[in-house]
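Q: My structure file target.cif, mmCIF, C-alpha atoms, is below:
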```cif
data_final
#
loop_
_atom_site.group_PDB
_atom_site.id
_atom_site.type_symbol
_atom_site.label_atom_id
_atom_site.label_comp_id
_atom_site.auth_asym_id
_atom_site.auth_seq_id
_atom_site.Cartn_x
_atom_site.Cartn_y
_atom_site.Cartn_z
ATOM 1 C CA MET A 1 102.828 27.325 107.518
ATOM 2 C CA HIS A 2 103.036 30.893 106.287
ATOM 3 C CA THR A 3 106.197 32.771 107.217
ATOM 4 C CA ASP A 4 105.653 35.722 109.543
ATOM 5 C CA THR A 5 106.832 39.090 108.272
ATOM 6 C CA PHE A 6 108.457 40.173 111.518
ATOM 7 C CA THR A 7 110.228 36.862 112.053
ATOM 8 C CA LEU A 8 112.086 37.163 108.781
ATOM 9 C CA ALA A 9 112.640 40.895 109.196
ATOM 10 C CA VAL A 10 114.167 40.353 112.635
ATOM 11 C CA GLY A 11 116.498 37.721 111.224
ATOM 12 C CA LEU A 12 117.669 40.101 108.515
ATOM 13 C CA ALA A 13 118.138 43.022 110.862
ATOM 14 C CA LYS A 14 120.212 41.049 113.352
ATOM 15 C CA ARG A 15 122.855 40.295 110.755
ATOM 16 C CA GLY A 16 124.103 43.872 110.865
ATOM 17 C CA SER A 17 124.326 46.175 107.878
ATOM 18 C CA ALA A 18 127.310 44.319 106.410
ATOM 19 C CA GLY A 19 125.374 41.065 106.033
ATOM 20 C CA LEU A 20 122.188 42.570 104.600
ATOM 21 C CA PRO A 21 121.143 41.889 101.007
ATOM 22 C CA PRO A 22 121.464 44.846 98.605
ATOM 23 C CA ILE A 23 117.696 45.295 98.354
ATOM 24 C CA ILE A 24 117.432 45.665 102.140
ATOM 25 C CA LYS A 25 120.217 48.248 102.081
ATOM 26 C CA ALA A 26 118.295 50.091 99.350
ATOM 27 C CA THR A 27 115.205 50.088 101.584
ATOM 28 C CA TYR A 28 117.301 51.548 104.384
ATOM 29 C CA ALA A 29 118.630 54.221 102.015
ATOM 30 C CA PHE A 30 115.142 55.309 101.003
ATOM 31 C CA GLU A 31 114.094 55.490 104.665
ATOM 32 C CA VAL A 32 117.008 57.854 105.262
ATOM 33 C CA ILE A 33 116.153 59.925 102.164
ATOM 34 C CA TRP A 34 112.546 60.409 103.276
ATOM 35 C CA ALA A 35 113.693 61.211 106.825
ATOM 36 C CA VAL A 36 116.038 63.945 105.567
ATOM 37 C CA ALA A 37 113.338 65.329 103.257
ATOM 38 C CA ALA A 38 110.771 65.484 106.079
ATOM 39 C CA ALA A 39 113.292 67.096 108.457
ATOM 40 C CA LEU A 40 114.211 69.765 105.890
ATOM 41 C CA LEU A 41 110.515 70.416 105.272
ATOM 42 C CA PHE A 42 110.002 70.861 109.028
ATOM 43 C CA LEU A 43 112.774 73.458 109.187
ATOM 44 C CA TRP A 44 111.494 75.229 106.059
ATOM 45 C CA ILE A 45 107.977 75.518 107.505
ATOM 46 C CA LEU A 46 109.337 77.026 110.725
ATOM 47 C CA CYS A 47 111.405 79.556 108.760
ATOM 48 C CA ARG A 48 108.434 80.550 106.599
ATOM 49 C CA LEU A 49 106.158 81.001 109.596
ATOM 50 C CA THR A 50 108.793 83.171 111.261
ATOM 51 C CA ILE A 51 109.215 85.436 108.223
ATOM 52 C CA LEU A 52 105.562 85.901 107.207
ATOM 53 C CA PRO A 53 103.380 88.372 109.140
ATOM 54 C CA ILE A 54 100.926 86.820 111.561
ATOM 55 C CA LYS A 55 97.878 88.336 109.827
ATOM 56 C CA ALA A 56 98.977 87.150 106.381
ATOM 57 C CA THR A 57 98.887 83.395 107.125
ATOM 58 C CA PRO A 58 96.784 81.379 109.622
ATOM 59 C CA ARG A 59 99.182 79.803 112.091
ATOM 60 C CA GLY A 60 97.150 76.851 113.370
ATOM 61 C CA PRO A 61 97.174 74.540 110.317
ATOM 62 C CA TYR A 62 100.833 75.162 109.572
ATOM 63 C CA VAL A 63 101.993 74.613 113.152
ATOM 64 C CA LEU A 64 100.182 71.272 112.936
ATOM 65 C CA LEU A 65 101.861 70.691 109.567
ATOM 66 C CA ALA A 66 105.293 71.335 111.088
ATOM 67 C CA PHE A 67 104.544 68.857 113.883
ATOM 68 C CA THR A 68 103.372 66.316 111.296
ATOM 69 C CA SER A 69 106.578 66.736 109.281
ATOM 70 C CA LEU A 70 108.657 66.225 112.426
ATOM 71 C CA CYS A 71 106.719 63.042 113.240
ATOM 72 C CA ALA A 72 107.300 61.759 109.704
ATOM 73 C CA ALA A 73 111.045 62.423 109.978
ATOM 74 C CA ILE A 74 111.279 60.614 113.330
ATOM 75 C CA ALA A 75 109.260 57.677 112.007
ATOM 76 C CA PHE A 76 111.527 57.243 108.979
ATOM 77 C CA VAL A 77 114.631 57.419 111.173
ATOM 78 C CA LEU A 78 113.294 54.780 113.567
ATOM 79 C CA SER A 79 112.463 52.548 110.605
ATOM 80 C CA ALA A 80 116.029 52.814 109.321
ATOM 81 C CA VAL A 81 117.880 52.397 112.640
ATOM 82 C CA PRO A 82 117.371 48.606 113.039
ATOM 83 C CA PHE A 83 119.090 47.999 109.696
ATOM 84 C CA GLU A 84 122.303 49.564 111.035
ATOM 85 C CA VAL A 85 122.182 48.555 114.722
ATOM 86 C CA ASN A 86 122.395 44.970 115.910
ATOM 87 C CA MET A 87 119.744 44.777 118.634
ATOM 88 C CA PRO A 88 117.773 42.125 120.557
ATOM 89 C CA THR A 89 114.570 40.883 118.984
ATOM 90 C CA ASP A 90 112.207 42.497 121.502
ATOM 91 C CA VAL A 91 114.001 45.845 121.207
ATOM 92 C CA TYR A 92 113.806 45.592 117.427
ATOM 93 C CA LEU A 93 110.069 44.921 117.526
ATOM 94 C CA LYS A 94 109.422 47.802 119.906
ATOM 95 C CA THR A 95 111.548 50.144 117.791
ATOM 96 C CA MET A 96 109.677 49.217 114.630
ATOM 97 C CA MET A 97 106.328 49.601 116.371
ATOM 98 C CA SER A 98 107.361 52.994 117.754
ATOM 99 C CA SER A 99 108.119 54.001 114.194
ATOM 100 C CA ALA A 100 104.713 52.712 113.093
ATOM 101 C CA PHE A 101 102.883 54.588 115.863
ATOM 102 C CA ILE A 102 104.618 57.883 115.084
ATOM 103 C CA CYS A 103 104.038 57.320 111.381
ATOM 104 C CA ASP A 104 100.327 56.849 112.155
ATOM 105 C CA VAL A 105 100.311 60.361 113.607
ATOM 106 C CA SER A 106 101.758 61.662 110.345
ATOM 107 C CA ARG A 107 99.284 59.680 108.228
ATOM 108 C CA ALA A 108 96.295 61.037 110.138
ATOM 109 C CA LEU A 109 97.414 64.640 110.693
ATOM 110 C CA GLY A 110 98.475 65.252 107.075
ATOM 111 C CA PRO A 111 94.890 64.912 105.786
ATOM 112 C CA ALA A 112 93.679 66.785 108.871
ATOM 113 C CA VAL A 113 95.738 69.844 107.860
ATOM 114 C CA ILE A 114 94.170 69.814 104.384
ATOM 115 C CA LEU A 115 90.680 69.645 105.845
ATOM 116 C CA TRP A 116 91.491 72.433 108.306
ATOM 117 C CA LEU A 117 92.684 74.665 105.471
ATOM 118 C CA LEU A 118 89.521 73.880 103.511
ATOM 119 C CA HIS A 119 87.413 74.921 106.497
ATOM 120 C CA ILE A 120 89.274 78.230 106.699
ATOM 121 C CA ARG A 121 89.132 78.904 102.955
ATOM 122 C CA GLY A 122 85.475 77.929 102.863
ATOM 123 C CA GLN A 123 84.700 80.422 105.609
ATOM 124 C CA VAL A 124 86.624 83.180 103.822
ATOM 125 C CA PHE A 125 84.799 82.366 100.600
ATOM 126 C CA GLY A 126 81.441 82.321 102.361
ATOM 127 C CA ASN A 127 82.082 85.746 103.884
ATOM 128 C CA SER A 128 83.022 87.144 100.473
ATOM 129 C CA LYS A 129 80.190 85.463 98.572
ATOM 130 C CA PRO A 130 77.220 85.067 100.955
ATOM 131 C CA GLY A 131 75.059 83.533 98.240
ATOM 132 C CA TYR A 132 77.338 80.475 98.024
ATOM 133 C CA THR A 133 77.679 79.669 101.731
ATOM 134 C CA SER A 134 75.533 76.550 101.398
ATOM 135 C CA SER A 135 78.151 74.898 99.178
ATOM 136 C CA ASN A 136 81.393 75.638 101.029
ATOM 137 C CA SER A 137 83.387 73.573 103.519
ATOM 138 C CA ALA A 138 82.765 75.830 106.502
ATOM 139 C CA ARG A 139 79.465 74.280 107.530
ATOM 140 C CA ILE A 140 79.459 72.761 111.014
ATOM 141 C CA TRP A 141 78.158 69.335 109.991
ATOM 142 C CA LYS A 142 80.911 69.048 107.370
ATOM 143 C CA ARG A 143 83.543 69.879 109.972
ATOM 144 C CA GLY A 144 82.103 67.208 112.237
ATOM 145 C CA VAL A 145 82.250 64.611 109.463
ATOM 146 C CA ASP A 146 85.834 65.575 108.559
ATOM 147 C CA TRP A 147 87.208 65.425 112.088
ATOM 148 C CA SER A 148 85.330 62.181 112.731
ATOM 149 C CA PHE A 149 86.959 60.619 109.661
ATOM 150 C CA VAL A 150 90.401 61.711 110.858
ATOM 151 C CA ALA A 151 89.848 60.485 114.430
ATOM 152 C CA ILE A 152 88.433 57.090 113.413
ATOM 153 C CA THR A 153 91.220 56.533 110.877
ATOM 154 C CA PHE A 154 93.864 57.400 113.473
ATOM 155 C CA ILE A 155 92.311 55.029 116.027
ATOM 156 C CA ALA A 156 92.168 52.254 113.419
ATOM 157 C CA LEU A 157 95.846 52.740 112.512
ATOM 158 C CA ILE A 158 96.947 52.728 116.151
ATOM 159 C CA SER A 159 94.822 49.674 116.953
ATOM 160 C CA PHE A 160 96.174 47.761 113.962
ATOM 161 C CA HIS A 161 99.820 48.326 114.893
ATOM 162 C CA ALA A 162 99.201 47.770 118.621
ATOM 163 C CA TYR A 163 97.623 44.393 117.899
ATOM 164 C CA ASN A 164 100.487 43.566 115.547
ATOM 165 C CA LEU A 165 103.011 44.376 118.281
ATOM 166 C CA ALA A 166 101.118 42.245 120.819
ATOM 167 C CA LYS A 167 101.033 39.320 118.377
ATOM 168 C CA ASN A 168 104.747 39.456 117.637
ATOM 169 C CA LEU A 169 105.792 39.882 121.273
ATOM 170 C CA GLU A 170 103.648 36.870 122.125
ATOM 171 C CA LEU A 171 105.378 34.953 119.338
ATOM 172 C CA VAL A 172 108.854 35.945 120.555
ATOM 173 C CA TYR A 173 108.395 35.431 124.318
ATOM 174 C CA HIS A 174 105.950 32.527 124.558
ATOM 175 C CA GLY A 175 105.553 31.007 121.131
ATOM 176 C CA ILE A 176 102.179 30.137 119.644
ATOM 177 C CA ASN A 177 100.834 27.053 117.922
ATOM 178 C CA TYR A 178 99.648 26.952 114.347
ATOM 179 C CA GLU A 179 95.937 27.332 115.171
ATOM 180 C CA THR A 180 96.543 30.352 117.383
ATOM 181 C CA TYR A 181 98.758 31.853 114.714
ATOM 182 C CA LEU A 182 95.980 31.515 112.130
ATOM 183 C CA GLU A 183 93.527 33.210 114.480
ATOM 184 C CA TYR A 184 95.944 36.100 114.929
ATOM 185 C CA GLN A 185 96.358 36.356 111.166
ATOM 186 C CA LYS A 186 92.600 36.368 110.533
ATOM 187 C CA ILE A 187 92.080 39.229 112.979
ATOM 188 C CA MET A 188 95.069 41.093 111.532
ATOM 189 C CA THR A 189 93.677 40.695 108.010
ATOM 190 C CA ARG A 190 90.272 42.069 109.035
ATOM 191 C CA MET A 191 91.832 45.004 110.850
ATOM 192 C CA ARG A 192 94.058 45.756 107.864
ATOM 193 C CA HIS A 193 91.073 45.690 105.508
ATOM 194 C CA ALA A 194 89.134 48.046 107.778
ATOM 195 C CA THR A 195 92.089 50.430 108.067
ATOM 196 C CA THR A 196 92.596 50.435 104.306
ATOM 197 C CA ALA A 197 88.905 51.183 103.756
ATOM 198 C CA LEU A 198 89.041 54.129 106.186
ATOM 199 C CA ILE A 199 92.183 55.546 104.544
ATOM 200 C CA PHE A 200 90.544 55.254 101.135
ATOM 201 C CA LEU A 201 87.302 56.881 102.338
ATOM 202 C CA LEU A 202 89.267 59.711 103.949
ATOM 203 C CA ALA A 203 91.110 60.307 100.663
ATOM 204 C CA ILE A 204 87.795 60.376 98.768
ATOM 205 C CA ASN A 205 86.361 62.788 101.329
ATOM 206 C CA ILE A 206 89.326 65.152 100.914
ATOM 207 C CA THR A 207 89.229 64.928 97.122
ATOM 208 C CA GLY A 208 85.501 65.602 96.992
ATOM 209 C CA ALA A 209 85.734 68.525 99.423
ATOM 210 C CA VAL A 210 88.586 70.187 97.506
ATOM 211 C CA LEU A 211 86.958 69.766 94.103
ATOM 212 C CA LEU A 212 83.525 70.880 95.327
ATOM 213 C CA LEU A 213 84.917 74.042 96.883
ATOM 214 C CA ARG A 214 86.977 74.829 93.793
ATOM 215 C CA VAL A 215 84.019 74.312 91.426
ATOM 216 C CA THR A 216 81.815 76.491 93.619
ATOM 217 C CA GLN A 217 84.450 79.224 93.636
ATOM 218 C CA LYS A 218 84.744 79.067 89.849
ATOM 219 C CA ARG A 219 80.990 79.508 89.477
ATOM 220 C CA ALA A 220 81.209 82.536 91.735
ATOM 221 C CA LYS A 221 84.180 83.852 89.711
ATOM 222 C CA TYR A 222 86.291 83.778 92.848
ATOM 223 C CA SER A 223 90.015 83.079 92.680
ATOM 224 C CA ASP A 224 91.555 81.211 95.617
ATOM 225 C CA PRO A 225 95.195 80.125 95.034
ATOM 226 C CA VAL A 226 95.219 78.061 98.241
ATOM 227 C CA VAL A 227 92.380 75.792 97.109
ATOM 228 C CA THR A 228 93.818 75.674 93.588
ATOM 229 C CA ARG A 229 97.216 74.562 94.910
ATOM 230 C CA LEU A 230 95.645 71.917 97.113
ATOM 231 C CA SER A 231 93.608 70.511 94.234
ATOM 232 C CA VAL A 232 96.568 70.422 91.841
ATOM 233 C CA ALA A 233 99.405 69.396 94.174
ATOM 234 C CA ALA A 234 98.042 67.821 97.371
ATOM 235 C CA VAL A 235 95.090 65.755 96.133
ATOM 236 C CA PRO A 236 97.178 63.543 93.770
ATOM 237 C CA PHE A 237 99.499 62.548 96.629
ATOM 238 C CA VAL A 238 96.559 61.875 98.960
ATOM 239 C CA LEU A 239 95.044 59.575 96.343
ATOM 240 C CA LEU A 240 98.439 57.950 95.757
ATOM 241 C CA ALA A 241 98.727 57.102 99.462
ATOM 242 C CA ALA A 242 95.254 55.534 99.463
ATOM 243 C CA VAL A 243 95.922 53.537 96.276
ATOM 244 C CA VAL A 244 99.261 52.285 97.642
ATOM 245 C CA TRP A 245 97.583 51.051 100.824
ATOM 246 C CA LEU A 246 94.838 49.374 98.791
ATOM 247 C CA ILE A 247 97.264 47.632 96.421
ATOM 248 C CA PHE A 248 99.553 46.341 99.168
ATOM 249 C CA ASP A 249 96.577 45.241 101.248
ATOM 250 C CA ILE A 250 95.424 43.111 98.323
ATOM 251 C CA VAL A 251 98.952 41.810 97.695
ATOM 252 C CA HIS A 252 99.431 40.951 101.365
ATOM 253 C CA ALA A 253 96.110 39.075 101.415
ATOM 254 C CA VAL A 254 97.122 37.018 98.374
ATOM 255 C CA ALA A 255 100.805 36.401 99.239
ATOM 256 C CA ARG A 256 101.410 36.331 102.994
ATOM 257 C CA ILE A 257 105.157 35.732 102.772
ATOM 258 C CA TYR A 258 107.610 38.501 103.595
ATOM 259 C CA ASN A 259 108.679 39.940 100.260
ATOM 260 C CA GLN A 260 111.703 42.224 100.091
ATOM 261 C CA GLU A 261 110.798 43.617 96.673
ATOM 262 C CA GLY A 262 107.296 44.435 97.872
ATOM 263 C CA ASN A 263 108.637 46.065 101.026
ATOM 264 C CA ILE A 264 110.973 48.439 99.198
ATOM 265 C CA SER A 265 108.189 49.303 96.746
ATOM 266 C CA PHE A 266 105.920 50.217 99.654
ATOM 267 C CA VAL A 267 108.652 52.272 101.321
ATOM 268 C CA ILE A 268 109.300 54.234 98.114
ATOM 269 C CA LEU A 269 105.668 54.861 97.157
ATOM 270 C CA ASP A 270 104.339 55.458 100.659
ATOM 271 C CA GLY A 271 107.236 57.763 101.512
ATOM 272 C CA LEU A 272 106.694 59.671 98.273
ATOM 273 C CA ALA A 273 102.990 60.044 99.075
ATOM 274 C CA GLN A 274 103.621 61.245 102.636
ATOM 275 C CA VAL A 275 106.422 63.697 101.860
ATOM 276 C CA GLY A 276 104.665 64.856 98.696
ATOM 277 C CA THR A 277 101.442 65.582 100.560
ATOM 278 C CA LEU A 278 103.228 67.544 103.285
ATOM 279 C CA THR A 279 105.299 69.491 100.736
ATOM 280 C CA ALA A 280 102.209 70.360 98.685
ATOM 281 C CA ILE A 281 100.455 71.674 101.786
ATOM 282 C CA ALA A 282 103.526 73.654 102.823
ATOM 283 C CA SER A 283 103.614 75.335 99.400
ATOM 284 C CA THR A 284 100.379 77.167 100.284
ATOM 285 C CA ILE A 285 101.933 79.067 103.190
ATOM 286 C CA GLY A 286 102.461 82.310 101.258
ATOM 287 C CA LEU A 287 99.239 82.196 99.240
ATOM 288 C CA HIS A 288 96.732 83.433 101.823
ATOM 289 C CA LYS A 289 98.022 87.000 101.551
ATOM 290 C CA GLN A 290 97.743 86.857 97.758
ATOM 291 C CA THR A 291 94.081 85.962 98.062
ATOM 292 C CA GLN A 292 93.412 88.924 100.334
ATOM 293 C CA THR A 293 95.283 91.268 97.986
ATOM 294 C CA HIS A 294 93.279 89.953 95.043
ATOM 295 C CA LEU A 295 90.019 90.609 96.836
ATOM 296 C CA SER A 296 90.996 94.126 97.852
ATOM 297 C CA ASP A 297 92.073 94.937 94.306
ATOM 298 C CA SER A 298 88.779 93.620 92.937
ATOM 299 C CA SER A 299 86.749 95.659 95.398
ATOM 300 C CA SER A 300 88.703 98.810 94.594
ATOM 301 C CA ASN A 301 88.113 98.237 90.890
ATOM 302 C CA LEU A 302 84.401 98.048 91.543
ATOM 303 C CA VAL A 303 84.393 101.438 93.279
ATOM 304 C CA ARG A 304 86.392 103.434 90.743
ATOM 305 C CA PRO A 305 83.807 103.493 87.879
ATOM 306 C CA SER A 306 81.122 104.930 90.163
ATOM 307 C CA SER A 307 83.411 107.583 91.604
ATOM 308 C CA ALA A 308 84.617 108.886 88.212
ATOM 309 C CA PRO A 309 81.245 110.315 87.075
ATOM 310 C CA ASN A 310 80.854 112.110 90.406
ATOM 311 C CA GLN A 311 84.108 113.900 89.785
ATOM 312 C CA GLU A 312 82.912 115.025 86.333
ATOM 313 C CA ILE A 313 79.711 116.373 87.801
#
```
In structure tokens, how does this file's structure come out?
A:
Amino acid sequence: MHTDTFTLAVGLAKRGSAGLPPIIKATYAFEVIWAVAAALLFLWILCRLTILPIKATPRGPYVLLAFTSLCAAIAFVLSAVPFEVNMPTDVYLKTMMSSAFICDVSRALGPAVILWLLHIRGQVFGNSKPGYTSSNSARIWKRGVDWSFVAITFIALISFHAYNLAKNLELVYHGINYETYLEYQKIMTRMRHATTALIFLLAINITGAVLLLRVTQKRAKYSDPVVTRLSVAAVPFVLLAAVVWLIFDIVHAVARIYNQEGNISFVILDGLAQVGTLTAIASTIGLHKQTQTHLSDSSSNLVRPSSAPNQEI
């Protein structure tokens, strides 16, 4: 019989921090590191939004980004707490699932912020270059596809972890036989595959949208530092998150035993992808004003040559 992940994890957590193996303590340390990083990012975003003028930076995406960073920080803290606190099994399971649910919010809203910024930048680009409006990200059908991807992925993540919680609570309170356990595992495997596919498709959608908008802007000889920053900094972390989910989904399907080395690897890589994505998005906060200044300078340069001959006349 395959060993259940939560059964072994509960046994480790109930020893207390003193009795935990070093690799589990290292996992706990990385959870704390990512929690501190996300909390500092949340505070930095709030400070930047307070300093910058309202007209210089759109508030909506970055308020959502701040909320996403806060959710990530809370999720990492809740993941680390059971390693330090000796708690009953049911409380441990509910704490871990609360962490998973809040982390799902962060996983879904991070890509949503990128897509929202692309919609805004696409609209600005379309207003500046009317001949290229058919290729930008501001079209209504594209917005519908983007938000649908985000909503479906979020529902899949929540459903996966809710079913996982129900399975483990059933195992703890009532116990299940081997056949029932296998049925649970089959459904869990299918749900995990579907969730992984949606996360990967969402990452491809974001990557394609960013690159398409940037290529279109280059053809129009239009400089947009926000889109450039997203393509250089945010897209690699979005792809990293999708690849990490894909790799660990495959590994979990092949080896269904709780693996401490695999768990710490997932915590490190997934935390790096989440915090990296949020940090890359936050780095665009001051770039919207630069784009507007660039456009105004370009327009003024276009007017000066025609006004000089009039002065000579």
Q: For a quick check of your reading of the model, name the residues lying within 10 Å of the coordinate (96.1, 60.8, 106.8), counting all atoms listed in the file, and write them as number ranges by chain.
A: A: 103-114, 149-151, 153-154, 157, 198-200, 202-203, 206, 238, 241-242, 274, 277
Q: Tell me, as a ChimeraX atom specification, which residues lie within 6 Å of Leu70 of chain A, counting all atoms listed in the file; anything in the same chain fewer than 3 positions away does not count.
A: /A:42,67,73
Q: Any chance you could work out the residue set of the PyMOL selection byres ((chain A and resi 212) around 12) here, as a list in words?
A: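 When the PyMOL selection byres ((chain A and resi 212) around 12) is applied to the shown file, the picked residues are Leu118, Gly122, Tyr132, Ser134, Ser135, Asn136, Ser137, Ile204, Asn205, Ile206, Thr207, Gly208, Ala209, Val210, Leu211, Leu213, Arg214, Val215, Thr216, Gln217, Lys218, Arg219, Val227, Thr228 and Ser231 of chain A.
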Q: What gap, in Å, lies between atom CA of Cys47 of chain A and atom CA of Ile281 of chain A?
A: 15.2 Å
Q: Determine the residue set returned by the PyMOL selection byres ((chain A and resi 78-80) around 7) for the present structure, and present it as a VMD selection string.
A: chain A and resid 28 31 to 32 74 to 77 81 to 83 95 to 96 99
Q: Quick one, how far is atom CA of Pro61 of chain A from atom CA of His119 of chain A?
A: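 Separation between atom CA of Pro61 of chain A and atom CA of His119 of chain A: 10.5 Å.
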Q: One decimal, Å: what's the distance from atom CA of Ala162 of chain A over to atom CA of Tyr184 of chain A, could you say?
A: 12.7 Å
Q: So, with only C-alpha atoms as the atoms that count, which of A:Ala253, A:Ile45, A:Ala29, A:Ile264 lies closest to Gln185 of chain A?
A: A:Ala253
Q: Skip Thr195 of chain A itself and residues of its chain fewer than 6 positions away, then list as a list in words all residues within 10 Å of it, counting all atoms listed in the file.
A: Ile152, Thr153, Phe154, Ile155, Ala156, Leu157, Ile158, Ser159, Phe160, Thr189, Leu201, Trp245, Leu246 and Asp249 of chain A
Q: With distances taken over only C-alpha atoms, which residue among A:Val251, A:Leu278, A:Ala166, A:Leu46 lies nearest Met97 of chain A?
A: A:Ala166
Q: Out of A:Phe101, A:Phe237, A:Trp34, A:Trp44, which residue has the shortest atom-to-atom distance to Asn164 of chain A when counting only C-alpha atoms?
A: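 Checking each of A:Phe101, A:Phe237, A:Trp34, A:Trp44 against Asn164 of chain A, counting only C-alpha atoms, the winner is A:Phe101.
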Q: Restricting the calculation to all atoms listed in the file: of A:Thr27, A:Asn177, A:Ser223, A:Asn263, which residue gets closest to Leu287 of chain A?
A: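 With all atoms listed in the file as the atom set, the closest residue is A:Ser223.
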Q: Taking only C-alpha atoms into account, name the residue in A:Leu40, A:Val267, A:Leu52, A:Ala66 that is nearest to Ala282 of chain A.
A: A:Ala66
Q: Could you check the closest approach to Val124 of chain A for each of A:His288, A:Lys186, A:Arg192, A:Arg48 and tell me which residue wins, using all atoms listed in the file?
A: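 Ranking A:His288, A:Lys186, A:Arg192, A:Arg48 by distance to Val124 of chain A, first place goes to A:His288.
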